[in-house]
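Before any comments, here is the structure.
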Amino acid sequence: MYAPTSAVVTLKPTASTARPAIKVNQANVIYPAADQPVHALKDINLTIRQGEFVSFIGPSGCGKTTLLRAIADLEPITSGEVLVNDMTPSEARQAGAYGYVFQAPVLLPWRTVLMNVMLPLQIQGVPPERCDEIAREQLARVGLKGFEKKFPWQLSGGMQQRVSIARALGFEPKILMMDEPFGALDELTRDNLNQQLQQLWFNAQRTMVFVTHSISEAVYLSTKIVVMSPRPGRIVKVIDSPLPAQRTLDIRDTPAFLQLAAEVREALVEGHHDH
Amino acid sequence: MTINRRLQLHALPVGTVLLAAFILWYLLAFALNASGVIDRVLAPRGPWTSGDLIYASLNASRPLLPAPHQLMVDIWNSITGWPVTSPRTLLLHTWVTASAALTGFAMGVVLGVLLAICIVHSRTLDKALMPWIVASQTIPVLAIAPIVLIILGSVGITGLLPKATIAMYLCFFPVTIATVQGLRSPQKMEMELVYTYAARRLDTFWMVRLPSSLPYLFPAFRVAIASGLVGTMVAELPTGAQAGLGARLLTGSYYGNTLQIWSALVMASLLGLFLTGLVTLTERLVIRQRKGA
């Protein structure tokens, strides 16, 4: 399904040849209100190709989470069209096409870490032994081997969020959507998880859609950065990253990184003055 | 925690309250029984001392308020003095009441949980059922008990089942209310999470709603089993039932046998403690590992 890893490494990460994984055409989300309807998303057009790591960045109220939720079938759109793997968001959800990681880990407190990772697999009717096997594998992949029998409250916030990522990866979704997954964590933990996430993406070349309000996080992780602006929520600029696909945290001190970060910041400021 | 520390934490306060209760009880028993004892026991016998008065009022045969040691002796005798099958032993009566209360509790839990499931999954049923459920609890159990007994009796159902039905009538309400609240307690994000997995309603129920509702269920079970016990005893009153703690209360009051009434009351409260303890034990076993959250 994916392009072979070696090929991807040599390609520029913004390869425009890959099949579109997510297409948004003229999408609007309008919330009815007593005085004046709130235009949460206005005329959104966006194509996310397979294997891309795309970040939505912008100030609060710019609709970045709403856009992600609309793609994930968690929010209805008022007009326009959203396609995920050429299906409607609802069909894509039913087909298990994407994994979704929330702002909070959302681990069920009565289940052990292992059982939490098994949850989606159980729902999809995977046989118990296979569930167990996959869950252990996924936990090892996010560096939580040995924590299978622990309960969520016994883990730190960063570890809990890693469990939720392991859970989202368990059923091998082609697309992983993440809504500010590291927003509540301290900076060191965040750096650490960003590095792991980057590795995770690099090794499997899944399509990642990531919501953040941190410029350095967006620049470090993404192959494409979608800058958004509020009132009405809209896309002001889409920036393709020139950075190599394989990255370490050191890349944040290179001129290319800083230049890209400056470009994102400029776009954010522009969007802010625009209205 | 050392045993010593545990004693300090639990035994001391419990013991203090118990001691205070006993002292108060003895004082009250003396105050209430004294005048009757003077009239009936001491005066006919001639001169008496204050020591005689205290002894007589705490050992009267038909006291207004029996002293604790009298009750203990009466309960002990009625438990050990006769074989378990004899209608004179309190154990038989306690068992008769307990079995009906437990049956009623089980029926009430099933009914309560089923109603709650309907209410949570259907807005129409929520609107349609809730007023009836609330209204059902505004009718005093004393009023409805004889009606239920007569109706069930007329179709040939007697014995344990009518009493259990009345216990159920009191049990299901707290269970329904708590289960509805419990089944609705999963957070929005938990529901969205399983929604992204395209979980069916049945999976959502078993994997999210039901486990989340457990902490709400057990307190309701405790309330339910206590009121189920009351319901059972009320049901034993109007029928002139042959056995059961309620029947003991009734015959005791017929014959002015206050000791018997009080013994039955004490047994009822001990039974209540035992049954709620059973619920707490089950709760510990079911959700022992859940903490923090």
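By convention here, the chains of the structure tokens are called A, B, ... in the order presented, each chain's residues are numbered starting at 1, and ligands are numbered starting at 1 in the order presented.
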Just need the residues of chain A within 7 Å of chain B, counting only C-alpha atoms, so spit them out as a list of chain:residue names.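 Result: A:Arg93, A:Gln94, A:Gly96, A:Val106, A:Pro109, A:Trp110, A:Pro120, A:Ile123, A:Trp153.
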Could the residues in this selection be written to a file with C-alpha atoms, as a compact mmCIF listing (two decimals), in the first residue's frame?
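Ended up saving to part_30.txt:
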# COMPACT_ATOMS: atom_id res chain seq x y z
CA ARG A 93 -15.03 5.99 10.02
CA GLN A 94 -17.06 2.79 9.56
CA GLY A 96 -11.69 2.07 10.26
CA VAL A 106 -9.06 9.30 27.21
CA PRO A 109 -9.72 3.95 34.10
CA TRP A 110 -11.02 0.43 34.79
CA PRO A 120 -10.55 -0.74 19.32
CA ILE A 123 -14.71 -3.56 19.02
CA TRP A 153 -3.59 6.41 36.93
Please provide as an mmCIF file with N, CA and C atoms, in the first residue's frame all residues within 6 Å of stretch 21-32 of chain A, with the sequence filter that same-chain residues fewer than 4 positions apart are discarded (counting only C-alpha atoms).
data_model
loop_
_atom_site.group_PDB
_atom_site.id
_atom_site.type_symbol
_atom_site.label_atom_id
_atom_site.label_comp_id
_atom_site.auth_asym_id
_atom_site.auth_seq_id
_atom_site.Cartn_x
_atom_site.Cartn_y
_atom_site.Cartn_z
ATOM 1 N N PRO A 37 -25.002 34.065 12.990
ATOM 2 C CA PRO A 37 -24.415 32.725 12.902
ATOM 3 C C PRO A 37 -22.897 32.793 12.966
ATOM 4 N N VAL A 38 -22.285 31.811 13.635
ATOM 5 C CA VAL A 38 -20.828 31.792 13.754
ATOM 6 C C VAL A 38 -20.243 30.990 12.596
ATOM 7 N N HIS A 39 -19.376 31.630 11.844
ATOM 8 C CA HIS A 39 -18.746 30.987 10.704
ATOM 9 C C HIS A 39 -17.464 30.306 11.179
ATOM 10 N N ALA A 40 -17.572 29.053 11.637
ATOM 11 C CA ALA A 40 -16.412 28.377 12.219
ATOM 12 C C ALA A 40 -15.386 28.015 11.154
ATOM 13 N N LEU A 41 -15.857 27.608 9.988
ATOM 14 C CA LEU A 41 -14.957 27.320 8.870
ATOM 15 C C LEU A 41 -15.548 27.934 7.607
ATOM 16 N N LYS A 42 -14.706 28.644 6.857
ATOM 17 C CA LYS A 42 -15.211 29.303 5.654
ATOM 18 C C LYS A 42 -14.399 28.859 4.428
ATOM 19 N N ASP A 43 -15.127 28.326 3.460
ATOM 20 C CA ASP A 43 -14.549 27.970 2.154
ATOM 21 C C ASP A 43 -13.204 27.265 2.252
ATOM 22 N N ILE A 44 -13.184 26.151 2.947
ATOM 23 C CA ILE A 44 -11.930 25.420 3.115
ATOM 24 C C ILE A 44 -11.682 24.525 1.896
ATOM 25 N N ASN A 45 -10.518 24.681 1.294
ATOM 26 C CA ASN A 45 -10.072 23.782 0.229
ATOM 27 C C ASN A 45 -8.711 23.237 0.605
ATOM 28 N N LEU A 46 -8.593 21.918 0.599
ATOM 29 C CA LEU A 46 -7.336 21.338 1.052
ATOM 30 C C LEU A 46 -7.215 19.924 0.516
ATOM 31 N N THR A 47 -6.016 19.587 0.066
ATOM 32 C CA THR A 47 -5.757 18.201 -0.317
ATOM 33 C C THR A 47 -4.573 17.696 0.494
ATOM 34 N N ILE A 48 -4.766 16.567 1.142
ATOM 35 C CA ILE A 48 -3.676 15.946 1.887
ATOM 36 C C ILE A 48 -3.348 14.638 1.201
ATOM 37 N N ARG A 49 -2.101 14.486 0.771
ATOM 38 C CA ARG A 49 -1.731 13.286 0.032
ATOM 39 C C ARG A 49 -1.232 12.204 0.972
ATOM 40 N N GLN A 50 -1.296 10.988 0.446
ATOM 41 C CA GLN A 50 -0.860 9.845 1.239
ATOM 42 C C GLN A 50 0.583 9.991 1.681
ATOM 43 N N ILE A 77 -20.452 19.063 8.443
ATOM 44 C CA ILE A 77 -20.185 20.321 7.739
ATOM 45 C C ILE A 77 -21.500 20.867 7.204
ATOM 46 N N THR A 78 -21.577 22.195 7.127
ATOM 47 C CA THR A 78 -22.813 22.835 6.698
ATOM 48 C C THR A 78 -22.950 22.761 5.180
ATOM 49 N N SER A 79 -21.836 22.969 4.480
ATOM 50 C CA SER A 79 -21.870 22.825 3.025
ATOM 51 C C SER A 79 -20.486 22.412 2.555
ATOM 52 N N GLY A 80 -20.400 22.008 1.293
ATOM 53 C CA GLY A 80 -19.121 21.581 0.753
ATOM 54 C C GLY A 80 -18.978 20.079 0.807
ATOM 55 N N GLU A 81 -17.740 19.615 0.696
ATOM 56 C CA GLU A 81 -17.505 18.182 0.579
ATOM 57 C C GLU A 81 -16.198 17.811 1.268
ATOM 58 N N VAL A 82 -16.229 16.714 2.009
ATOM 59 C CA VAL A 82 -15.010 16.169 2.599
ATOM 60 C C VAL A 82 -14.901 14.718 2.160
ATOM 61 N N LEU A 83 -13.741 14.328 1.635
ATOM 62 C CA LEU A 83 -13.534 12.940 1.227
ATOM 63 C C LEU A 83 -12.305 12.382 1.931
ATOM 64 N N VAL A 84 -12.473 11.207 2.517
ATOM 65 C CA VAL A 84 -11.353 10.529 3.160
ATOM 66 C C VAL A 84 -11.178 9.198 2.435
ATOM 67 N N ASN A 85 -10.035 9.017 1.789
ATOM 68 C CA ASN A 85 -9.825 7.822 0.942
ATOM 69 C C ASN A 85 -10.984 7.637 -0.040
#
Contacts of A:Ala262 at 12 Å (only C-alpha atoms; same-chain gap of 6+ positions) as a list in words: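 Answer for this query is Ile215, Ser216, Val219, Ile239, Pro255, Ala256, Leu268 and Val269 of chain A.
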Output C-alpha atoms for every residue in that selection, as a short mmCIF file (atom, residue, chain, number, x, y, z; two decimals), in the first residue's frame.
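part28.cif, freshly written:
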data_model
loop_
_atom_site.label_atom_id
_atom_site.label_comp_id
_atom_site.auth_asym_id
_atom_site.auth_seq_id
_atom_site.Cartn_x
_atom_site.Cartn_y
_atom_site.Cartn_z
CA ILE A 215 5.10 26.80 15.67
CA SER A 216 8.21 24.77 16.46
CA VAL A 219 7.72 22.93 11.74
CA ILE A 239 3.51 25.97 3.36
CA PRO A 255 18.89 28.05 9.41
CA ALA A 256 16.37 26.18 7.23
CA LEU A 268 0.01 33.77 11.36
CA VAL A 269 0.51 37.50 11.94
#
Have a look at atom CA of B:Ala116 and atom CA of B:Leu152 and let me know their distance in Å, one decimal. 26.2 Å
Would you compute the distance between atom CA of A:Gln199 and atom CA of A:Ala245? Give it in Å to one decimal.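 Calculated distance between atom CA of A:Gln199 and atom CA of A:Ala245 is 9.8 Å.
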Pull the helix (DSSP H, G or I) assignments for stretch 84-241 of chain A out of DSSP run on the backbone, and list those residues as a VMD selection string. chain A and resid 89 to 94 113 to 123 128 to 141 152 to 154 157 to 169 187 to 204 215 to 221
Using C-alpha atoms, can you export the residues from the last selection as a PDB file, in the first residue's frame?
ATOM      1  CA  PRO A  89     -16.077  10.816   6.571  1.00  0.00           C
ATOM      2  CA  SER A  90     -18.843   8.565   7.902  1.00  0.00           C
ATOM      3  CA  GLU A  91     -17.965   5.712   5.539  1.00  0.00           C
ATOM      4  CA  ALA A  92     -14.290   6.171   6.319  1.00  0.00           C
ATOM      5  CA  ARG A  93     -15.030   5.987  10.023  1.00  0.00           C
ATOM      6  CA  GLN A  94     -17.064   2.790   9.560  1.00  0.00           C
ATOM      7  CA  VAL A 113      -2.867  -0.195  29.776  1.00  0.00           C
ATOM      8  CA  LEU A 114      -2.886  -3.356  27.667  1.00  0.00           C
ATOM      9  CA  MET A 115      -6.683  -3.631  27.772  1.00  0.00           C
ATOM     10  CA  ASN A 116      -6.983   0.020  26.774  1.00  0.00           C
ATOM     11  CA  VAL A 117      -4.859  -0.558  23.687  1.00  0.00           C
ATOM     12  CA  MET A 118      -6.971  -3.646  22.921  1.00  0.00           C
ATOM     13  CA  LEU A 119     -10.242  -1.680  23.020  1.00  0.00           C
ATOM     14  CA  PRO A 120     -10.545  -0.743  19.322  1.00  0.00           C
ATOM     15  CA  LEU A 121      -9.434  -4.225  18.301  1.00  0.00           C
ATOM     16  CA  GLN A 122     -12.080  -5.836  20.505  1.00  0.00           C
ATOM     17  CA  ILE A 123     -14.715  -3.564  19.017  1.00  0.00           C
ATOM     18  CA  PRO A 128      -8.538 -12.179  21.691  1.00  0.00           C
ATOM     19  CA  GLU A 129      -5.059 -13.716  21.249  1.00  0.00           C
ATOM     20  CA  ARG A 130      -4.427 -11.526  18.230  1.00  0.00           C
ATOM     21  CA  CYS A 131      -5.658  -8.438  20.178  1.00  0.00           C
ATOM     22  CA  ASP A 132      -3.208  -9.213  22.933  1.00  0.00           C
ATOM     23  CA  GLU A 133      -0.360  -9.722  20.510  1.00  0.00           C
ATOM     24  CA  ILE A 134      -1.007  -6.504  18.562  1.00  0.00           C
ATOM     25  CA  ALA A 135      -1.477  -4.445  21.719  1.00  0.00           C
ATOM     26  CA  ARG A 136       1.835  -5.638  23.186  1.00  0.00           C
ATOM     27  CA  GLU A 137       3.573  -4.879  19.909  1.00  0.00           C
ATOM     28  CA  GLN A 138       2.128  -1.367  19.755  1.00  0.00           C
ATOM     29  CA  LEU A 139       3.032  -0.627  23.360  1.00  0.00           C
ATOM     30  CA  ALA A 140       6.596  -1.725  22.687  1.00  0.00           C
ATOM     31  CA  ARG A 141       6.636   0.574  19.664  1.00  0.00           C
ATOM     32  CA  PRO A 152      -3.769   4.527  33.617  1.00  0.00           C
ATOM     33  CA  TRP A 153      -3.593   6.408  36.930  1.00  0.00           C
ATOM     34  CA  GLN A 154      -0.222   4.776  37.606  1.00  0.00           C
ATOM     35  CA  GLY A 157       0.683  12.265  31.532  1.00  0.00           C
ATOM     36  CA  GLY A 158       3.239  11.712  28.780  1.00  0.00           C
ATOM     37  CA  MET A 159       3.034   7.935  29.135  1.00  0.00           C
ATOM     38  CA  GLN A 160      -0.755   8.056  29.082  1.00  0.00           C
ATOM     39  CA  GLN A 161      -0.701   9.976  25.813  1.00  0.00           C
ATOM     40  CA  ARG A 162       1.724   7.409  24.389  1.00  0.00           C
ATOM     41  CA  VAL A 163      -0.747   4.683  25.329  1.00  0.00           C
ATOM     42  CA  SER A 164      -3.444   6.553  23.448  1.00  0.00           C
ATOM     43  CA  ILE A 165      -1.167   6.770  20.392  1.00  0.00           C
ATOM     44  CA  ALA A 166      -0.441   3.030  20.640  1.00  0.00           C
ATOM     45  CA  ARG A 167      -4.195   2.462  20.817  1.00  0.00           C
ATOM     46  CA  ALA A 168      -4.791   4.578  17.701  1.00  0.00           C
ATOM     47  CA  LEU A 169      -2.097   2.686  15.793  1.00  0.00           C
ATOM     48  CA  GLU A 187       8.192  20.937  27.215  1.00  0.00           C
ATOM     49  CA  LEU A 188      10.767  18.177  27.765  1.00  0.00           C
ATOM     50  CA  THR A 189       8.171  15.426  27.534  1.00  0.00           C
ATOM     51  CA  ARG A 190       6.760  17.143  24.518  1.00  0.00           C
ATOM     52  CA  ASP A 191      10.134  17.261  22.740  1.00  0.00           C
ATOM     53  CA  ASN A 192      10.629  13.610  23.531  1.00  0.00           C
ATOM     54  CA  LEU A 193       7.214  12.621  22.176  1.00  0.00           C
ATOM     55  CA  ASN A 194       7.642  14.808  19.099  1.00  0.00           C
ATOM     56  CA  GLN A 195      10.830  12.950  18.322  1.00  0.00           C
ATOM     57  CA  GLN A 196       9.106   9.577  18.767  1.00  0.00           C
ATOM     58  CA  LEU A 197       6.184  10.673  16.636  1.00  0.00           C
ATOM     59  CA  GLN A 198       8.529  11.839  13.904  1.00  0.00           C
ATOM     60  CA  GLN A 199      10.253   8.426  13.992  1.00  0.00           C
ATOM     61  CA  LEU A 200       6.895   6.698  13.932  1.00  0.00           C
ATOM     62  CA  TRP A 201       5.861   8.616  10.849  1.00  0.00           C
ATOM     63  CA  PHE A 202       9.209   8.181   9.148  1.00  0.00           C
ATOM     64  CA  ASN A 203       9.228   4.426   9.672  1.00  0.00           C
ATOM     65  CA  ALA A 204       5.699   3.770   8.433  1.00  0.00           C
ATOM     66  CA  ILE A 215       5.099  26.803  15.673  1.00  0.00           C
ATOM     67  CA  SER A 216       8.214  24.770  16.464  1.00  0.00           C
ATOM     68  CA  GLU A 217       6.164  21.588  16.892  1.00  0.00           C
ATOM     69  CA  ALA A 218       4.476  22.158  13.533  1.00  0.00           C
ATOM     70  CA  VAL A 219       7.719  22.933  11.743  1.00  0.00           C
ATOM     71  CA  TYR A 220       9.602  20.052  13.327  1.00  0.00           C
ATOM     72  CA  LEU A 221       6.995  17.433  12.471  1.00  0.00           C
TER      73      LEU A 221
END
So which residues touch stretch 176-181 of chain B within 10 Å, counting only C-alpha atoms, skipping near sequence neighbours fewer than 6 positions away, as an MDAnalysis selection string? chainID B and resid 108:121 126 130 133:134 209:210 212:221
So that I can check the surroundings of A:Gly271, please list as number ranges by chain every protein, DNA and RNA residue that reaches within 12 Å of it, counting only C-alpha atoms and ignoring chain neighbours fewer than 6 positions away. A: 57-59, 62, 226-237, 264-265
B:Trp76: which residues within 10 Å, counting only C-alpha atoms, same-chain residues fewer than 4 positions away excluded, as a ChimeraX atom specification? /B:70-72,80-81,89-90,263
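Residue-level DSSP output for stretch 57-110 of chain A, from the backbone, shows strand (DSSP E or B) at Ile57, Ser79, Gly80, Glu81, Val82, Leu83, Val84, Met87, Tyr98, Gly99, Tyr100 and Val101 of chain A.
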Skipping near chain neighbours, those fewer than 5 positions away, what residues fall within 12 Å of B:Gly246 using only C-alpha atoms, listed as a PyMOL selection string? chain B and resi 90+93-98+100-101+163+229-241+251-253+260-265+267-268
Please, could you write that set of residues out with C-alpha atoms as a short mmCIF file (atom, residue, chain, number, x, y, z; two decimals), in the first residue's frame?
data_model
loop_
_atom_site.label_atom_id
_atom_site.label_comp_id
_atom_site.auth_asym_id
_atom_site.auth_seq_id
_atom_site.Cartn_x
_atom_site.Cartn_y
_atom_site.Cartn_z
CA LEU B 90 -35.88 -15.77 65.52
CA HIS B 93 -38.23 -15.45 60.96
CA THR B 94 -35.06 -13.62 59.96
CA TRP B 95 -34.48 -16.10 57.15
CA VAL B 96 -38.07 -15.79 55.91
CA THR B 97 -37.74 -12.01 55.76
CA ALA B 98 -34.22 -12.09 54.33
CA ALA B 100 -38.11 -12.41 50.48
CA ALA B 101 -36.07 -9.19 50.70
CA LYS B 163 -43.60 -9.92 49.65
CA LEU B 229 -36.07 -4.99 53.74
CA VAL B 230 -38.53 -2.37 54.98
CA GLY B 231 -40.89 -3.28 52.13
CA THR B 232 -40.76 -6.95 53.02
CA MET B 233 -41.54 -6.31 56.65
CA VAL B 234 -44.40 -3.98 55.75
CA ALA B 235 -45.74 -6.74 53.49
CA GLU B 236 -45.64 -9.16 56.41
CA LEU B 237 -47.85 -6.93 58.52
CA PRO B 238 -51.29 -6.84 56.88
CA THR B 239 -51.50 -10.50 55.95
CA GLY B 240 -51.10 -11.74 59.46
CA ALA B 241 -48.23 -13.71 58.00
CA THR B 251 -47.80 -10.69 67.19
CA GLY B 252 -45.57 -8.91 69.69
CA SER B 253 -47.80 -5.88 69.63
CA GLN B 260 -40.49 -9.66 71.26
CA ILE B 261 -41.08 -6.45 69.30
CA TRP B 262 -37.70 -5.08 70.23
CA SER B 263 -35.91 -8.33 69.54
CA ALA B 264 -37.46 -8.40 66.07
CA LEU B 265 -36.42 -4.78 65.54
CA MET B 267 -32.74 -8.55 64.32
CA ALA B 268 -34.12 -6.45 61.44
#
